[in-house]
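File shown here: entry-v9.tsv, holding TSV, C-alpha atoms.
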chain	number	residue	atom	x	y	z
A	21	LEU	CA	263.39	23.15	282.27
A	22	PRO	CA	263.09	20.32	284.76
A	23	PRO	CA	264.57	17.03	283.63
A	24	ALA	CA	262.14	14.53	282.18
A	25	MET	CA	260.48	12.31	284.74
A	26	GLU	CA	261.73	8.77	284.90
A	27	PRO	CA	260.06	5.81	286.50
A	28	ILE	CA	262.01	4.29	289.39
A	29	PRO	CA	261.35	0.99	291.11
A	30	ALA	CA	259.15	1.39	294.16
A	31	LYS	CA	260.22	-0.22	297.37
A	32	PRO	CA	257.48	-2.70	298.08
A	33	LEU	CA	255.39	-2.41	301.19
A	34	PHE	CA	256.36	-4.94	303.84
A	35	TYR	CA	254.59	-5.24	307.18
A	36	ASP	CA	256.07	-6.27	310.51
A	37	LEU	CA	253.38	-8.74	311.52
A	38	ALA	CA	255.51	-10.51	314.11
A	39	LEU	CA	255.23	-7.47	316.40
A	40	ASN	CA	251.53	-8.24	316.83
A	41	PHE	CA	252.50	-11.54	318.39
A	42	VAL	CA	254.80	-10.06	321.01
A	43	GLU	CA	252.43	-10.03	323.95
A	44	LEU	CA	252.58	-9.35	327.65
A	45	PRO	CA	252.24	-12.59	329.60
A	46	ASP	CA	249.08	-13.38	331.52
A	47	LEU	CA	249.56	-12.60	335.21
A	48	THR	CA	246.33	-14.21	336.42
A	49	GLU	CA	248.14	-16.80	338.53
A	50	LYS	CA	249.90	-13.99	340.41
A	51	LEU	CA	246.80	-11.94	341.03
A	52	GLU	CA	244.13	-12.33	343.68
A	53	GLY	CA	241.77	-15.13	342.88
A	54	GLY	CA	244.47	-16.96	340.99
A	55	GLN	CA	246.33	-18.04	344.11
A	56	LYS	CA	245.27	-21.66	344.17
A	57	LYS	CA	248.46	-22.90	345.75
A	58	GLU	CA	248.08	-20.87	348.94
A	59	LYS	CA	248.73	-23.17	351.90
A	60	GLY	CA	247.07	-22.29	355.21
A	61	ALA	CA	247.14	-18.83	356.71
A	62	GLY	CA	250.21	-19.46	358.90
A	63	ILE	CA	251.47	-16.29	360.47
A	64	SER	CA	250.31	-14.20	357.54
A	65	GLY	CA	247.73	-12.47	359.72
A	66	PHE	CA	250.58	-11.27	361.88
A	67	VAL	CA	252.18	-9.22	359.13
A	68	LYS	CA	249.01	-8.17	357.42
A	69	GLY	CA	248.66	-4.44	357.21
A	70	LEU	CA	252.38	-3.84	357.02
A	71	TRP	CA	252.14	-3.22	353.30
A	72	GLY	CA	248.79	-1.57	353.23
A	73	TRP	CA	247.20	-4.82	352.16
A	74	GLY	CA	243.73	-4.26	350.85
A	75	LYS	CA	244.13	-0.52	350.47
A	76	LYS	CA	243.97	0.73	346.92
B	12	MET	CA	258.37	-19.18	356.67
B	13	SER	CA	260.39	-16.36	358.14
B	14	GLU	CA	258.88	-12.99	358.69
B	15	LYS	CA	260.97	-11.43	355.95
B	16	ALA	CA	260.04	-14.12	353.45
B	17	GLU	CA	256.39	-13.63	354.27
B	18	ARG	CA	256.74	-9.90	353.92
B	19	ASP	CA	258.51	-10.24	350.54
B	20	LYS	CA	255.79	-12.54	349.33
B	21	LYS	CA	253.15	-9.97	350.16
B	22	ALA	CA	255.16	-7.22	348.53
B	23	ILE	CA	255.61	-9.30	345.39
B	24	ALA	CA	251.87	-9.94	345.18
B	25	THR	CA	251.25	-6.20	345.46
B	26	PHE	CA	253.85	-5.46	342.80
B	27	TYR	CA	252.29	-7.99	340.45
B	28	ALA	CA	248.93	-6.26	340.77
B	29	GLU	CA	250.67	-2.97	339.98
B	30	LEU	CA	252.55	-4.56	337.08
B	31	ASN	CA	249.32	-5.86	335.62
B	32	ARG	CA	247.73	-2.42	335.83
B	33	PHE	CA	250.64	-0.62	334.21
B	34	GLY	CA	250.84	-3.22	331.46
B	35	GLN	CA	247.14	-3.00	330.67
B	36	ASN	CA	247.41	0.80	330.53
B	37	GLY	CA	250.44	0.73	328.25
B	38	GLU	CA	252.61	2.43	330.91
B	39	TYR	CA	255.69	0.46	329.99
B	40	GLU	CA	258.32	2.60	331.69
B	41	ARG	CA	256.53	2.30	335.01
B	42	ALA	CA	255.89	-1.39	334.43
B	43	ILE	CA	259.63	-1.95	333.99
B	44	LYS	CA	260.33	-0.23	337.31
B	45	THR	CA	257.79	-2.47	339.02
B	46	ALA	CA	259.18	-5.58	337.35
B	47	ASN	CA	262.61	-4.57	338.67
B	48	LYS	CA	261.21	-4.31	342.19
B	49	ILE	CA	259.92	-7.87	341.92
B	50	LEU	CA	263.20	-9.15	340.48
B	51	ASN	CA	265.19	-7.42	343.21
B	52	LEU	CA	263.20	-9.34	345.82
B	53	ALA	CA	263.03	-12.60	343.87
B	54	GLN	CA	265.33	-12.94	340.88
B	55	HIS	CA	263.68	-16.19	339.78
B	56	GLU	CA	260.31	-14.59	339.07
B	57	PHE	CA	260.08	-15.50	335.41
B	58	LEU	CA	256.79	-13.69	334.76
B	59	ALA	CA	258.27	-10.39	335.91
B	60	PHE	CA	261.28	-11.04	333.69
B	61	HIS	CA	259.04	-11.88	330.73
B	62	TYR	CA	256.99	-8.74	331.35
B	63	LYS	CA	260.10	-6.59	331.42
B	64	VAL	CA	261.35	-8.00	328.11
B	65	VAL	CA	258.04	-7.34	326.37
B	66	CYS	CA	257.89	-3.79	327.81
B	67	LEU	CA	261.37	-3.08	326.45
B	68	ILE	CA	260.21	-4.30	323.04
B	69	GLU	CA	257.13	-2.07	323.23
B	70	LEU	CA	259.48	0.84	323.96
B	71	SER	CA	261.70	-0.18	321.01
B	72	LYS	CA	264.65	-0.73	323.36
B	73	PHE	CA	265.87	-3.77	321.50
B	74	ASP	CA	269.54	-3.62	322.43
B	75	GLU	CA	268.65	-3.35	326.09
B	76	ALA	CA	266.28	-6.30	325.78
B	77	ILE	CA	269.01	-8.38	324.13
B	78	ARG	CA	271.44	-7.49	326.92
B	79	LEU	CA	268.87	-8.51	329.49
B	80	LEU	CA	268.13	-11.82	327.76
B	81	ASN	CA	271.81	-12.63	327.30
B	82	GLY	CA	272.65	-11.73	330.87
B	83	ASN	CA	270.27	-14.20	332.50
B	84	ALA	CA	271.56	-17.72	332.27
B	85	GLN	CA	268.75	-18.97	334.50
B	86	PHE	CA	266.18	-18.18	331.79
B	87	ASP	CA	268.29	-19.47	328.89
B	88	GLY	CA	266.15	-21.19	326.33
B	89	GLU	CA	263.10	-19.15	327.30
B	90	LEU	CA	261.64	-16.26	325.31
B	91	ILE	CA	263.34	-17.42	322.12
B	92	PHE	CA	260.73	-15.75	319.94
B	93	GLU	CA	261.13	-12.44	321.78
B	94	LYS	CA	264.91	-12.64	321.59
B	95	ALA	CA	264.86	-13.39	317.86
B	96	TYR	CA	262.46	-10.50	317.35
B	97	CYS	CA	264.85	-8.11	319.14
B	98	PHE	CA	267.74	-9.22	316.93
B	99	TYR	CA	265.50	-8.73	313.90
B	100	ARG	CA	264.62	-5.17	314.90
B	101	ALA	CA	268.24	-4.43	315.81
B	102	ASN	CA	269.14	-5.38	312.22
B	103	LYS	CA	271.09	-8.40	313.39
B	104	HIS	CA	269.35	-10.72	311.00
B	105	GLU	CA	271.86	-13.58	311.10
B	106	ASP	CA	271.58	-13.67	314.90
B	107	ALA	CA	267.82	-13.51	314.59
B	108	LEU	CA	267.79	-16.55	312.30
B	109	LYS	CA	270.16	-18.51	314.53
B	110	THR	CA	267.99	-17.72	317.54
B	111	ILE	CA	264.66	-18.66	315.99
B	112	ASP	CA	266.20	-21.92	314.76
B	113	GLN	CA	266.88	-22.89	318.38
B	114	LEU	CA	263.20	-23.72	318.65
B	115	PRO	CA	262.60	-27.44	318.15
B	116	GLU	CA	259.32	-26.65	316.46
B	117	LEU	CA	258.10	-23.39	314.97
B	118	ASP	CA	254.66	-22.18	315.97
B	119	LEU	CA	252.77	-19.73	313.80
B	120	ARG	CA	254.26	-16.55	315.21
B	121	SER	CA	257.77	-17.96	314.91
B	122	LYS	CA	257.16	-18.84	311.26
B	123	GLU	CA	255.86	-15.32	310.70
B	124	LEU	CA	259.02	-13.87	312.21
B	125	LYS	CA	261.24	-16.30	310.33
B	126	ALA	CA	259.64	-15.29	307.02
B	127	GLN	CA	260.39	-11.65	307.83
B	128	ILE	CA	263.98	-12.54	308.73
B	129	PHE	CA	264.38	-14.41	305.42
B	130	TYR	CA	263.11	-11.32	303.64
B	131	ARG	CA	265.69	-9.10	305.31
B	132	LEU	CA	268.40	-11.66	304.54
B	133	GLU	CA	267.25	-11.61	300.90
B	134	LYS	CA	266.44	-15.32	301.05
B	135	TYR	CA	263.36	-14.77	298.96
B	136	ASP	CA	262.70	-18.38	297.95
B	137	GLU	CA	262.61	-19.43	301.59
B	138	ALA	CA	260.46	-16.46	302.54
B	139	ALA	CA	257.94	-17.17	299.79
B	140	ALA	CA	257.67	-20.85	300.74
B	141	LEU	CA	257.11	-19.94	304.37
B	142	TYR	CA	254.49	-17.32	303.56
B	143	ARG	CA	252.59	-19.76	301.38
B	144	GLU	CA	252.58	-22.25	304.23
B	145	ILE	CA	251.47	-19.66	306.79
B	146	ILE	CA	248.71	-18.31	304.57
B	147	LYS	CA	247.41	-21.80	303.97
B	148	ASN	CA	247.28	-22.60	307.68
B	149	THR	CA	245.96	-19.41	309.22
B	150	ASP	CA	242.71	-17.58	309.46
B	151	ASP	CA	243.23	-14.32	311.33
B	152	ASP	CA	242.93	-10.57	310.80
B	153	TYR	CA	246.29	-10.24	309.08
B	154	GLU	CA	245.61	-12.11	305.84
B	155	ASP	CA	245.76	-8.96	303.70
B	156	GLU	CA	249.04	-7.81	305.22
B	157	ARG	CA	250.48	-11.29	304.77
B	158	HIS	CA	249.58	-11.29	301.09
B	159	THR	CA	251.20	-7.86	300.80
B	160	ASN	CA	254.37	-9.29	302.32
B	161	LEU	CA	254.30	-12.26	299.96
B	162	GLY	CA	253.88	-9.75	297.13
B	163	ALA	CA	256.97	-7.89	298.30
B	164	VAL	CA	258.89	-11.17	298.32
B	165	MET	CA	257.71	-12.03	294.81
B	166	VAL	CA	258.90	-8.69	293.46
B	167	HIS	CA	262.41	-9.63	294.49
B	168	LEU	CA	262.10	-13.09	292.99
B	169	ASP	CA	261.27	-11.53	289.63
B	170	ASP	CA	264.14	-9.07	290.00
B	171	GLU	CA	266.66	-11.82	290.52
B	172	ASP	CA	265.85	-13.21	287.07
B	173	THR	CA	266.47	-9.87	285.39
B	174	LYS	CA	269.36	-8.92	287.72
B	175	ASP	CA	267.68	-5.57	288.08
B	176	ARG	CA	267.63	-5.39	291.82
B	177	ILE	CA	265.78	-2.89	293.93
B	178	GLU	CA	267.97	-1.47	296.64
Here is a file; write its structure as structure tokens.
Amino acid sequence: LPPAMEPIPAKPLFYDLALNFVELPDLTEKLEGGQKKEKGAGISGFVKGLWGWGKK
Amino acid sequence: MSEKAERDKKAIATFYAELNRFGQNGEYERAIKTANKILNLAQHEFLAFHYKVVCLIELSKFDEAIRLLNGNAQFDGELIFEKAYCFYRANKHEDALKTIDQLPELDLRSKELKAQIFYRLEKYDEAAALYREIIKNTDDDYEDERHTNLGAVMVHLDDEDTKDRIE
């Protein structure tokens, strides 16, 4: 015969809500269109193309 | 600006575009590699550093994130919430509490985390008080879960009276 069933305390449910607030930062300022602080073209035209700029 | 500096700047811009794409797609391993490329060229790029920390958290690499945060004096005092969260998930609850208390003022997410830390530290009175405050001052999609957490805290408060603790 199996032993009689006994009630045991249940471990209460507890959510990790803080994880929802760990978020990747917004990179807009580093992406094209967000570069407000760009000063003059300088010699940038000279090195353009070296890194496949514009190619995707 | 020297040619190398100009070249690095271009490379960094390209890497940030890549980083953004990987992050949006949830490709955290690849995002970390890209963040490293940025930091190798420019160690002061805080956004890349921040990105890397969050990716490590998403990958549940909490010890590694803590090592990274502790090893960068230049960003000391930044990412306090993230650091406290890593300690919390690494079961270093005392360190988590000490870290979150470095914040001069707790925003909502920091209170949320602190309530969870109190719960793990079995400081149920403090946890309950904090949850009541958070619930009163928020209106988001997590109200039900928050009430569940408060319920879990209350269970322990009742237990303390009867000394019949749940392990």
Contact residues (chain A, partner chain B, 8 Å, only C-alpha atoms) as a list in words: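 Matching residues, ligands excluded from the count: Pro29, Ala30, Lys31, Pro32, Leu33, Phe34, Tyr35, Asp36, Leu37, Ala38, Leu39, Phe41, Val42, Glu43, Leu44, Pro45, Leu47, Lys50, Leu51, Ser64, Val67, Trp71 and Trp73 of chain A.
The interatomic distance for the pair CA of Ile146 (chain B) and CA of Gly88 (chain B) works out to 28.0 Å.
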Interatomic distance, CA of Leu50 (chain B) to CA of Lys72 (chain B) (Å, one decimal):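 Distance reported for this atom pair: 19.1 Å.
Separating CA of Phe57 (chain B) from CA of Ala84 (chain B) is a distance of 12.1 Å.
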